[in-house]
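Single-structure report; data block below.
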Protein chains: 12
Amino acid sequence: MRLLLLNGPNLNLLGQREPSLYGSTTLEAIEQNLIKKAKDEEILLDCFQSNFEGALVERIHQAIGEVAGILINAGAYTHTSIALRDALIGSEIPFVELHLTNTVARELFRHKSLLSDKAIGLVSGFGVKSYELAFQGLLSYLRQSN
Amino acid sequence: MRLLLLNGPNLNLLGQREPSLYGSTTLEAIEQNLIKKAKDEEILLDCFQSNFEGALVERIHQAIGEVAGILINAGAYTHTSIALRDALIGSEIPFVELHLTNTVARELFRHKSLLSDKAIGLVSGFGVKSYELAFQGLLSYLRQSN
Amino acid sequence: MRLLLLNGPNLNLLGQREPSLYGSTTLEAIEQNLIKKAKDEEILLDCFQSNFEGALVERIHQAIGEVAGILINAGAYTHTSIALRDALIGSEIPFVELHLTNTVARELFRHKSLLSDKAIGLVSGFGVKSYELAFQGLLSYLRQSN
Amino acid sequence: MRLLLLNGPNLNLLGQREPSLYGSTTLEAIEQNLIKKAKDEEILLDCFQSNFEGALVERIHQAIGEVAGILINAGAYTHTSIALRDALIGSEIPFVELHLTNTVARELFRHKSLLSDKAIGLVSGFGVKSYELAFQGLLSYLRQSN
Amino acid sequence: MRLLLLNGPNLNLLGQREPSLYGSTTLEAIEQNLIKKAKDEEILLDCFQSNFEGALVERIHQAIGEVAGILINAGAYTHTSIALRDALIGSEIPFVELHLTNTVARELFRHKSLLSDKAIGLVSGFGVKSYELAFQGLLSYLRQSN
Amino acid sequence: MRLLLLNGPNLNLLGQREPSLYGSTTLEAIEQNLIKKAKDEEILLDCFQSNFEGALVERIHQAIGEVAGILINAGAYTHTSIALRDALIGSEIPFVELHLTNTVARELFRHKSLLSDKAIGLVSGFGVKSYELAFQGLLSYLRQSN
Amino acid sequence: MRLLLLNGPNLNLLGQREPSLYGSTTLEAIEQNLIKKAKDEEILLDCFQSNFEGALVERIHQAIGEVAGILINAGAYTHTSIALRDALIGSEIPFVELHLTNTVARELFRHKSLLSDKAIGLVSGFGVKSYELAFQGLLSYLRQSN
Amino acid sequence: MRLLLLNGPNLNLLGQREPSLYGSTTLEAIEQNLIKKAKDEEILLDCFQSNFEGALVERIHQAIGEVAGILINAGAYTHTSIALRDALIGSEIPFVELHLTNTVARELFRHKSLLSDKAIGLVSGFGVKSYELAFQGLLSYLRQSN
Amino acid sequence: MRLLLLNGPNLNLLGQREPSLYGSTTLEAIEQNLIKKAKDEEILLDCFQSNFEGALVERIHQAIGEVAGILINAGAYTHTSIALRDALIGSEIPFVELHLTNTVARELFRHKSLLSDKAIGLVSGFGVKSYELAFQGLLSYLRQSN
Amino acid sequence: MRLLLLNGPNLNLLGQREPSLYGSTTLEAIEQNLIKKAKDEEILLDCFQSNFEGALVERIHQAIGEVAGILINAGAYTHTSIALRDALIGSEIPFVELHLTNTVARELFRHKSLLSDKAIGLVSGFGVKSYELAFQGLLSYLRQSN
Amino acid sequence: MRLLLLNGPNLNLLGQREPSLYGSTTLEAIEQNLIKKAKDEEILLDCFQSNFEGALVERIHQAIGEVAGILINAGAYTHTSIALRDALIGSEIPFVELHLTNTVARELFRHKSLLSDKAIGLVSGFGVKSYELAFQGLLSYLRQSN
Amino acid sequence: MRLLLLNGPNLNLLGQREPSLYGSTTLEAIEQNLIKKAKDEEILLDCFQSNFEGALVERIHQAIGEVAGILINAGAYTHTSIALRDALIGSEIPFVELHLTNTVARELFRHKSLLSDKAIGLVSGFGVKSYELAFQGLLSYLRQSN
């Protein structure tokens with residue numbers, strides 16, 4: 001089984017900026033940790049980050065027919081990108097939405113997600129741990145569906 | 001360490017009604033499974049379910065000074081109970097909000113939670129698996145804080 | 001056939017307070033009258049009133065598998081209780097919503113019911129007569145469904 | 001005593017179109033049934049249907065000083081016609097609002113009625129049975145007022 | 001010069017119903033009085049009342065090229081008829097909007113007029129006197145424009 | 001009989017600025033014309049203009065027990081001054097609201113008047129003619145009330 | 001195959017009034033042109049215009065079982081008539097909504113159509129060409145469905 | 001004279017939790033202090049606190065015919081309980097609403113009270129002093145009414 | 001210690017107009033009574049009333065560095081004056097907001113205060129007694145702060 | 001004459017995903033068909049698709065001074081891209097907006113287009129036929145303008 | 001050339017109160033600095049501050065025909081005064097709006113300005129530097145217009 | 001010191017399109033002018049324009065630790081890009097928001113900026129002069145902070 005981890009805009013800065021808000025772990029460390037966890041479950045995990053909405057859309061297109069599930073932390077695009085939503089729906093690949101922070105405890109425009117009503121589930125607020133929990137949740141869903 | 005698992009209205013029916021929506025696991029089974037998982041981590045897990053808003057409020061009061069963290073699936077009270085919110089804030093006990101279903105994919109009045117901006121984090125949509133993920137998220141938070 | 005008549009908060013005061021608004025018939029008289037009317041149709045009618053949201057929720061739980069239909073005047077909980085809504089939906093028992101007064105002619109917050117989009121139908125504004133009409137409407141529905 | 005039954009736009013199609021939604025009874029059958037029920041109570045029931053807002057308004061004008069109460073299923077005009085509301089208020093004839101379907105379970109623009117805050121009461125969702133219940137409710141009101 | 005006085009739904013009842021609200025003068029008396037006042041100014045005044053939105057629309061069509069100005073008390077259609085608005089705009093005939101009562105002191109849905117932003121001016125709240133004032137206002141406008 | 005004509009902020013500029021919008025008649029000319037018209041009816045008309053909300057409030061206080069009716073063009077204060085509304089209500093003097101322009105054809109914030117639901121009636125859009133019409137409307141009301 | 005072209009209020013004025021906005025082609029010319037185009041496709045096209053909401057509703061009723069598709073330019077009723085919507089839905093005849101002008105570039109109350117979510121598709125803004133395009137769109141849909 | 005002091009959810013924690021927000025006085029101390037103040041005025045003061053909405057409702061029912069006035073700090077139920085509002089209105093006992101904190105300086109959902117438009121008056125923001133002021137305000141009202 | 005009592009627009013009319021709503025005590029009597037009560041506490045109380053927003057703003061400026069607390073009944077300016085709010089905040093003098101009537105039981109635009117989220121507390125609805133209670137509340141606050 | 005056909009995000013997937021919703025024709029087939037249709041009219045049609053908002057913006061910039069009209073199916077960017085709107089307006093090239101599906105019959109956030117009030121016209125809901133109709137509509141507009 | 005600098009309510013306190021928010025420069029210093037800067041450009045700068053809305057309105061009236069441009073920091077009146085807006089529009093004098101603080105980073109009611117859609121431009125957030133920038137912006141505009 | 005000037009979508013067209021709205025100066029000329037002005041202050045000014053949201057985000061990332069302040073005219077992305085906001089906040093670089101036109105005098109969706117509550121200040125409406133003023137404002141801020 002192959003899964004895809006997508007990270008949206010500004011997440012390449014993880015671990016470098018605003019550590020009090022986002023922690024000091026880098027995105028690479030998160031990706032390596034999750035790739036290893038996936039390997040233990042005999043799963044291949046692809047990782048992709050982009051600050052371009054279009055690039056994220058196209059990465060989802062490429063995933064069609066190749067990956068069984070998507071983990072997505074769409075960052076700011078969570079709240080503004082219908083294109084991403086459409087790509088995810090069009091791909092028919094089940095996905096889990098995740099956030100490092102508790103988005104509903106922040107600005108009002110972060111309370112509404114354009115993705116989550118189409119997601120399997122949502123994990124938010126646990127810092128880098130959110131990635132692991134989302135991964136487990138996705139796995140549980142995919143194994144239950146088969 | 002001692003934790004508390006709270007379940008709100010109608011969750012006593014779990015496993016008996018609407019299995020297509022909520023699955024066929026009973027609340028007791030969920031509680032037993034989580035108590036065992038907690039035991040493995042040398043944690044005592046108290047469980048409490050009530051259909052009464054006041055009873056949930058008072059159970060939180062009792063937890064003050066006794067439990068280190070709360071897992072709460074407040075069911076319908078998630079969206080209507082400021083009293084529950086006040087009890088949780090007043091208790092100063094960190095808590096994780098969880099839901100079996102993806103609440104933002106349901107009726108509009110379920111999109112707003114009166115608890116989540118005060119929660120550590122949120123897990124929703126993974127069925128009974130949500131309990132485990134929330135438990136792990138809470139644990140991760142508590143261990144990181146110490 | 002067994003039916004259940006539920007009355008919500010403050011309805012125990014019927015006939016004693018604000019007769020100009022609610023009439024002078026007591027709740028007991030309404031219940032006795034309806035039990036008799038039900039008996040004529042060879043129907044057993046259970047009656048329950050509570051000022052506690054949780055108690056109403058639990059009474060609905062008990063009704064699962066026992067009653068064929070519910071008549072509910074949820075009083076103030078009509079407008080605030082998602083727990084009651086969830087209990088009714090979860091029970092899969094068809095129900096009729098009724099009100100003594102014409103709720104849309106009163107305060108704005110009484111115009112929205114959290115129950116009625118899930119009800120078979122609605123009867124409001126006919127004073128104690130509303131109970132009889134709702135009973136007939138429920139009966140008509142149940143007989144047509146069989 | 002003389003009563004008036006008014007039916008608004010598209011109700012002339014009853015029994016012919018969308019039977020799954022509105023049932024297979026024709027409007028004429030409903031009218032005949034109600035006229036008979038009225039006769040049993042020594043009441044003369046006039047029936048009128050129109051797809052024209054203006055025609056319904058004028059039929060209400062004619063009823064002034066002649067009928068003691070009105071049963072009205074205003075169909076789509078329920079939600080758009082202030083003219084009908086004004087005619088009913090201007091006539092000073094008590095009226096009951098009725099609907100075949102449970103309007104609040106349909107599109108949002110059907111949730112608001114321009115008539116109901118001026119009605120004695122409301123009956124909705126019981127199919128053709130709604131006519132009978134509304135008739136009984138009106139009768140009960142008129143007899144109590146005298 | 002020729003002017004047109006239009007009256008909308010329910011205004012044919014003037015003087016007969018709700019005299020405390022609308023006064024006891026009949027529409028015919030108002031029309032006769034205004035025709036006489038117009039005659040003194042060497043103006044021909046046509047009068048038309050209808051409860052049908054379509055009939056009012058068509059009466060405006062007929063007025064094109066024949067009348068120099070319109071006085072309109074559109075009654076309930078003031079708040080619901082875009083068709084009437086379109087007819088008035090399409091006719092390119094200047095018009096004055098008038099009301100017997102002070103509409104902003106009544107129900108919220110009467111506060112918004114679909115006509116008034118296209119009217120020369122507005123007169124409301126003076127009972128039957130509103131007709132005279134609106135007539136004078138229209139005259140003043142027309143004479144100033146020439 | 002004594003009446004009071006009140007003019008609010010910026011109306012002292014009448015006739016001097018923006019003649020295409022407000023005409024070229026000065027406020028003084030309007031006042032003189034109206035004083036003369038009033039005199040013909042054996043009425044004493046006091047005139048007062050101020051750009052200060054507080055001064056208008058106090059002028060109304062002085063009018064208590066002295067004037068039988070008020071004509072008010074409150075200008076911009078129409079939309080912002082609850083103090084003026086309270087002064088008018090507190091004075092118990094009947095008043096007519098008037099505007100030179102058709103306020104609902106202008107910016108959205110001019111559509112709502114804080115005065116008009118307490119006014120006898122409203123005249124707007126007829127330029128300086130609005131003053132005369134409002135005067136006649138007030139007179140008609142006062143004579144009818146006596 | 002038989003189709004129906006419906007035109008709503010004020011469209012009888014086409015070509016006569018406001019040519020800068022609506023062009024100088026008359027409704028009759030539009031109808032004749034479309035009838036000829038239909039004939040070329042061996043289709044019979046009925047045409048009907050009315051300023052009366054009720055008449056349009058009844059014309060749709062008559063079309064049941066007779067016409068295979070409807071082209072409708074409902075004019076102002078697009079935004080106000082639930083009755084028309086109900087007639088179209090009740091008729092179960094597929095329809096295309098069309099407008100001469102680009103309605104979303106006009107007043108806010110023209111942005112919402114009560115018909116379009118039930119239409120096959122929408123064509124607006126191309127002047128009289130909109131009729132031809134809508135006709136082709138309807139044809140394409142009907143031929144694809146068979 | 002007999003009065004009733006009602007305290008809603010979480011107020012049993014007073015003096016124990018969040019002293020920076022609510023002060024360090026316990027609810028018991030507040031009650032004893034107020035009972036003593038009442039005694040000085042020859043008034044018997046009953047005190048009741050509950051975390052259950054239903055229990056508060058029933059305590060109000062018991063008060064009917066026994067107490068002359070109610071002081072209520074409904075806590076979170078202030079903003080969510082129509083049942084409490086109905087109980088207070090139904091009891092016909094005059095009441096004063098009070099809060100320890102200035103509720104409009106907190107979350108938006110605390111700005112709206114479901115009780116206050118039916119209260120004699122409101123006291124908020126003075127900490128435990130609010131109880132004394134509310135008591136004096138109620139007394140002043142009751143003595144003025146007799 | 002020196003305190004300041006501010007009264008806003010129309011409050012100079014107290015005791016003279018609308019006694020059924022505001023009582024028959026004059027503002028002077030209220031001020032004298034409060035000055036005496038203050039004297040008993042060895043406090044000097046300055047009193048100021050104005051119908052001018054600017055005058056109230058300047059009176060607050062003068063109070064800077066001179067008075068320890070402000071009692072303010074801003075009347076209509078409560079709901080419209082950001083300037084007053086800014087003056088109060090800028091002065092850094094603690095203040096109590098008070099009203100004679102229960103403002104939330106009146107028009108919708110009186111429900112929102114521009115001052116209260118910055119006030120220590122709020123007293124409303126007790127008639128002239130509100131002044132005394134507000135005075136006591138302010139005193140209690142100031143003594144507790146020192 | 002040269003025209004430009006623009007397709008936005010996810011439209012490269014046409015014919016491959018969700019055929020029940022979007023049909024089985026590929027974007028290439030649509031483009032080839034339209035290029036051929038254009039050729040018959042002696043028109044050169046350029047085609048461009050991108051998932052990048054910025055790329056679409058820049059393609060419009062390149063079109064300035066080169067193409068006479070634009071056909072645009074902006075997909076998800078229809079509802080979120082002011083940049084696209086600005087590019088279209090800035091280019092001063094007339095454009096037609098088109099959609100495969102009837103966007104107002106889908107999620108609420110698809111009901112509002114940021115482009116359409118600046119478009120010549122709109123075609124939506126006819127599947128791939130929408131492209132042809134939009135092309136004809138644009139052509140008709142351009143020929144009429146010359 | 002002559003320009004006018006207007007300052008609204010509470011700005012006379014500049015430099016004295018809340019230095020952390022507004023800085024420690026006094027209004028007089030700002031005025032003197034700007035007068036000097038103006039002199040360097042051979043411009044006469046008049047300065048006026050008032051806490052009275054009416055006084056600001058009248059100062060603008062006086063400026064008609066005398067000053068070529070206005071710099072205005074209307075303080076709180078920015079958000080509440082239509083009278084000021086009307087005076088500025090009526091004066092036909094170009095003006096620049098300025099603020100010391102970044103108003104959109106403060107309370108919601110400060111986000112909307114009643115002046116800015118009629119201003120040449122807006123400068124906010126640079127403390128006392130805002131005055132200089134606004135002055136330069138106005139100058140640039142005036143020189144470009146000539 | 002090093003500063004960065006960012007320009008968003010469509011600003012590369014400056015000077016070429018819509019000169020009546022945006023003037024005839026090209027972006028390059030603006031940049032050269034500002035680079036020279038910066039040089040006079042011994043500041044190095046980097047300039048970057050992109051039509052891609054992602055490219056602007058990444059340019060901000062690169063600026064971290066290198067530039068002391070940012071001038072940004074984000075064009076359309078001002079109103080839609082949370083990603084840009086997050087990049088600016090994450091960079092912890094102070095920035096000034098600027099616009100050529102007065103955005104609040106244009107379409108409603110341009111009134112809200114997603115950047116400005118995090119900006120030092122805002123300059124808008126002065127055409128190309130806005131760049132200079134923003135530059136001076138930023139400089140003033142940076143020099144004051146050191």
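The chains in the structure tokens are called A, B, ... from first to last as shown; in each chain the residues are counted from 1, and the ligands are counted from 1 in the order shown.
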
If DSSP is run on the backbone, what residues of chain B are strand (DSSP E)? A reply as a PyMOL selection string would be ideal.
chain B and resi 2-7+44-49+69-73+95-99+121-124

Expected file: the selected residues, N, CA, C and O atoms, as a tab-separated table (two decimals), in the first residue's frame:
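Okay, result.tsv is ready:
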chain	number	residue	atom	x	y	z
B	2	ARG	N	-4.01	9.74	36.43
B	2	ARG	CA	-5.41	9.38	36.31
B	2	ARG	C	-6.04	10.26	35.23
B	2	ARG	O	-5.85	11.47	35.22
B	3	LEU	N	-6.81	9.64	34.32
B	3	LEU	CA	-7.52	10.40	33.29
B	3	LEU	C	-9.00	10.10	33.39
B	3	LEU	O	-9.41	9.13	34.03
B	4	LEU	N	-9.79	10.95	32.74
B	4	LEU	CA	-11.25	10.76	32.79
B	4	LEU	C	-11.80	10.75	31.36
B	4	LEU	O	-11.47	11.63	30.56
B	5	LEU	N	-12.64	9.77	31.08
B	5	LEU	CA	-13.34	9.71	29.78
B	5	LEU	C	-14.80	10.05	30.01
B	5	LEU	O	-15.50	9.33	30.72
B	6	LEU	N	-15.25	11.12	29.38
B	6	LEU	CA	-16.64	11.56	29.53
B	6	LEU	C	-17.40	11.32	28.23
B	6	LEU	O	-16.92	11.67	27.16
B	7	ASN	N	-18.60	10.76	28.36
B	7	ASN	CA	-19.48	10.61	27.20
B	7	ASN	C	-20.81	11.26	27.48
B	7	ASN	O	-21.39	11.06	28.56
B	44	LEU	N	-4.61	5.23	35.15
B	44	LEU	CA	-5.93	4.83	35.60
B	44	LEU	C	-6.96	5.65	34.82
B	44	LEU	O	-6.89	6.87	34.83
B	45	LEU	N	-7.87	4.99	34.17
B	45	LEU	CA	-8.86	5.73	33.38
B	45	LEU	C	-10.25	5.58	33.99
B	45	LEU	O	-10.79	4.47	34.03
B	46	ASP	N	-10.83	6.69	34.43
B	46	ASP	CA	-12.22	6.68	34.91
B	46	ASP	C	-13.15	6.92	33.74
B	46	ASP	O	-12.82	7.71	32.84
B	47	CYS	N	-14.32	6.28	33.75
B	47	CYS	CA	-15.27	6.46	32.65
B	47	CYS	C	-16.62	6.88	33.21
B	47	CYS	O	-17.06	6.35	34.23
B	48	PHE	N	-17.26	7.81	32.51
B	48	PHE	CA	-18.57	8.29	32.97
B	48	PHE	C	-19.39	8.72	31.77
B	48	PHE	O	-18.90	9.43	30.90
B	49	GLN	N	-20.66	8.25	31.75
B	49	GLN	CA	-21.56	8.69	30.69
B	49	GLN	C	-22.82	9.22	31.35
B	49	GLN	O	-23.28	8.66	32.34
B	69	GLY	N	-6.11	14.80	32.97
B	69	GLY	CA	-6.59	15.16	31.64
B	69	GLY	C	-7.94	14.51	31.39
B	69	GLY	O	-8.31	13.52	32.02
B	70	ILE	N	-8.72	15.11	30.48
B	70	ILE	CA	-10.07	14.62	30.17
B	70	ILE	C	-10.19	14.36	28.68
B	70	ILE	O	-9.74	15.16	27.86
B	71	LEU	N	-10.82	13.21	28.36
B	71	LEU	CA	-11.25	12.93	26.98
B	71	LEU	C	-12.75	13.13	26.97
B	71	LEU	O	-13.45	12.51	27.77
B	72	ILE	N	-13.28	13.94	26.08
B	72	ILE	CA	-14.72	14.18	26.11
B	72	ILE	C	-15.36	14.08	24.75
B	72	ILE	O	-14.95	14.72	23.79
B	73	ASN	N	-16.36	13.20	24.68
B	73	ASN	CA	-17.26	13.15	23.53
B	73	ASN	C	-18.58	13.65	24.07
B	73	ASN	O	-19.37	12.87	24.62
B	95	PHE	N	-8.13	19.13	28.20
B	95	PHE	CA	-9.04	18.11	27.64
B	95	PHE	C	-8.92	18.05	26.13
B	95	PHE	O	-8.52	18.99	25.47
B	96	VAL	N	-9.28	16.87	25.61
B	96	VAL	CA	-9.32	16.64	24.17
B	96	VAL	C	-10.77	16.37	23.79
B	96	VAL	O	-11.46	15.62	24.47
B	97	GLU	N	-11.22	17.03	22.72
B	97	GLU	CA	-12.58	16.82	22.23
B	97	GLU	C	-12.57	15.76	21.14
B	97	GLU	O	-11.71	15.78	20.26
B	98	LEU	N	-13.52	14.84	21.19
B	98	LEU	CA	-13.54	13.80	20.16
B	98	LEU	C	-14.97	13.53	19.72
B	98	LEU	O	-15.93	13.76	20.46
B	99	HIS	N	-15.09	13.08	18.48
B	99	HIS	CA	-16.38	12.70	17.92
B	99	HIS	C	-16.23	11.44	17.07
B	99	HIS	O	-15.22	11.27	16.38
B	121	GLY	N	-6.88	19.74	21.56
B	121	GLY	CA	-7.02	19.38	20.16
B	121	GLY	C	-8.31	18.64	19.94
B	121	GLY	O	-9.10	18.42	20.88
B	122	LEU	N	-8.52	18.27	18.70
B	122	LEU	CA	-9.79	17.70	18.26
B	122	LEU	C	-9.53	16.49	17.37
B	122	LEU	O	-8.66	16.54	16.49
B	123	VAL	N	-10.28	15.42	17.61
B	123	VAL	CA	-10.23	14.24	16.74
B	123	VAL	C	-11.66	13.90	16.37
B	123	VAL	O	-12.49	13.72	17.25
B	124	SER	N	-11.96	13.82	15.08
B	124	SER	CA	-13.33	13.47	14.71
B	124	SER	C	-13.39	12.68	13.42
B	124	SER	O	-12.56	12.85	12.53

Any idea what's packed within 6 Å of segment 113-120 of chain E, counting only C-alpha atoms, ignoring anything in its chain fewer than 2 positions away? Could you give it as a PyMOL selection string?
(chain E and resi 78-79+85+95-96) or (chain F and resi 104-105+125)

Keeping only N, CA, C and O atoms, write the selected residues as an mmCIF file, in the first residue's frame.
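Output saved as result_2.cif:
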data_model
loop_
_atom_site.group_PDB
_atom_site.id
_atom_site.type_symbol
_atom_site.label_atom_id
_atom_site.label_comp_id
_atom_site.auth_asym_id
_atom_site.auth_seq_id
_atom_site.Cartn_x
_atom_site.Cartn_y
_atom_site.Cartn_z
ATOM 1 N N THR E 78 -45.863 46.318 -3.163
ATOM 2 C CA THR E 78 -44.709 47.187 -2.915
ATOM 3 C C THR E 78 -43.489 46.388 -2.477
ATOM 4 O O THR E 78 -42.361 46.692 -2.854
ATOM 5 N N HIS E 79 -43.745 45.363 -1.704
ATOM 6 C CA HIS E 79 -42.658 44.641 -1.048
ATOM 7 C C HIS E 79 -42.289 43.334 -1.744
ATOM 8 O O HIS E 79 -41.301 42.710 -1.404
ATOM 9 N N ARG E 85 -42.032 46.712 -10.556
ATOM 10 C CA ARG E 85 -40.865 47.580 -10.670
ATOM 11 C C ARG E 85 -40.383 47.641 -12.117
ATOM 12 O O ARG E 85 -40.135 48.719 -12.661
ATOM 13 N N PHE E 95 -42.947 58.320 -11.501
ATOM 14 C CA PHE E 95 -44.032 57.931 -10.577
ATOM 15 C C PHE E 95 -43.699 58.317 -9.140
ATOM 16 O O PHE E 95 -42.548 58.468 -8.757
ATOM 17 N N VAL E 96 -44.758 58.479 -8.356
ATOM 18 C CA VAL E 96 -44.651 58.762 -6.924
ATOM 19 C C VAL E 96 -45.244 57.574 -6.169
ATOM 20 O O VAL E 96 -46.306 57.083 -6.533
ATOM 21 N N VAL F 104 -33.790 56.544 0.033
ATOM 22 C CA VAL F 104 -33.574 55.118 -0.266
ATOM 23 C C VAL F 104 -32.935 54.891 -1.629
ATOM 24 O O VAL F 104 -32.588 53.755 -1.974
ATOM 25 N N ALA F 105 -32.807 55.966 -2.415
ATOM 26 C CA ALA F 105 -32.094 55.831 -3.692
ATOM 27 C C ALA F 105 -30.623 56.190 -3.536
ATOM 28 O O ALA F 105 -29.898 56.265 -4.518
ATOM 29 N N GLY F 125 -38.095 63.251 -1.319
ATOM 30 C CA GLY F 125 -37.772 63.188 -2.738
ATOM 31 C C GLY F 125 -38.267 64.320 -3.613
ATOM 32 O O GLY F 125 -37.934 64.357 -4.791
#

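Contacts from chain I to chain K at a cut-off of 10 Å (only C-alpha atoms) map to I:Phe52, I:Glu53, I:Gly54, I:Ala55, I:Leu56, I:Val57, I:Glu58, I:Ile60, I:His61, I:Ile64, I:Thr80, I:Ser81, I:Ile82, I:Ala83, I:Leu84, I:Arg85, I:Asp86, I:Ala87, I:Leu88, I:Ile89, I:Gly90, I:Ser91, I:Glu92, I:Leu114.
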
Go ahead and write the selection's residues with C-alpha atoms as a PDB file, in the first residue's frame.
ATOM      1  CA  PHE I  52     -23.889  67.553  23.599  1.00  0.00           C
ATOM      2  CA  GLU I  53     -21.633  64.565  22.915  1.00  0.00           C
ATOM      3  CA  GLY I  54     -18.628  66.911  22.697  1.00  0.00           C
ATOM      4  CA  ALA I  55     -19.385  68.491  26.079  1.00  0.00           C
ATOM      5  CA  LEU I  56     -19.509  65.087  27.752  1.00  0.00           C
ATOM      6  CA  VAL I  57     -16.210  64.156  26.112  1.00  0.00           C
ATOM      7  CA  GLU I  58     -14.585  67.346  27.404  1.00  0.00           C
ATOM      8  CA  ILE I  60     -14.285  63.518  30.996  1.00  0.00           C
ATOM      9  CA  HIS I  61     -11.021  65.116  29.842  1.00  0.00           C
ATOM     10  CA  ILE I  64      -8.397  63.192  34.329  1.00  0.00           C
ATOM     11  CA  THR I  80     -23.955  55.638  19.256  1.00  0.00           C
ATOM     12  CA  SER I  81     -20.916  57.394  20.692  1.00  0.00           C
ATOM     13  CA  ILE I  82     -17.480  55.904  20.104  1.00  0.00           C
ATOM     14  CA  ALA I  83     -16.105  59.324  21.070  1.00  0.00           C
ATOM     15  CA  LEU I  84     -17.449  58.883  24.596  1.00  0.00           C
ATOM     16  CA  ARG I  85     -15.979  55.401  24.749  1.00  0.00           C
ATOM     17  CA  ASP I  86     -12.613  56.741  23.631  1.00  0.00           C
ATOM     18  CA  ALA I  87     -12.728  59.550  26.182  1.00  0.00           C
ATOM     19  CA  LEU I  88     -13.484  57.091  28.982  1.00  0.00           C
ATOM     20  CA  ILE I  89     -10.756  54.682  27.900  1.00  0.00           C
ATOM     21  CA  GLY I  90      -8.294  57.514  27.332  1.00  0.00           C
ATOM     22  CA  SER I  91      -9.012  58.920  30.799  1.00  0.00           C
ATOM     23  CA  GLU I  92      -8.104  55.600  32.427  1.00  0.00           C
ATOM     24  CA  LEU I 114     -20.520  50.945  23.111  1.00  0.00           C
TER      25      LEU I 114
END

Skip Glu41 of chain B itself and residues of its chain fewer than 6 positions away, then list as a VMD selection string all residues within 12 Å of it, counting only C-alpha atoms.
chain B and resid 1 to 3 34 to 35 135 to 136 139 to 140 143

Backbone DSSP call of helix (DSSP H, G or I) for segment 25-136 of chain C, listed as a ChimeraX atom specification
/C:27-40,53-63,77-80,82-91,103-105,108-110,116-118,129-136

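Look at Leu142 of chain D: the protein and nucleic acid residues within 9 Å of it, using only C-alpha atoms and passing over chain neighbours fewer than 3 places away, are D:Ala68, D:Gly69, D:Pro94, D:Gly137, D:Leu138, D:Leu139, D:Ser145, D:Asn146.
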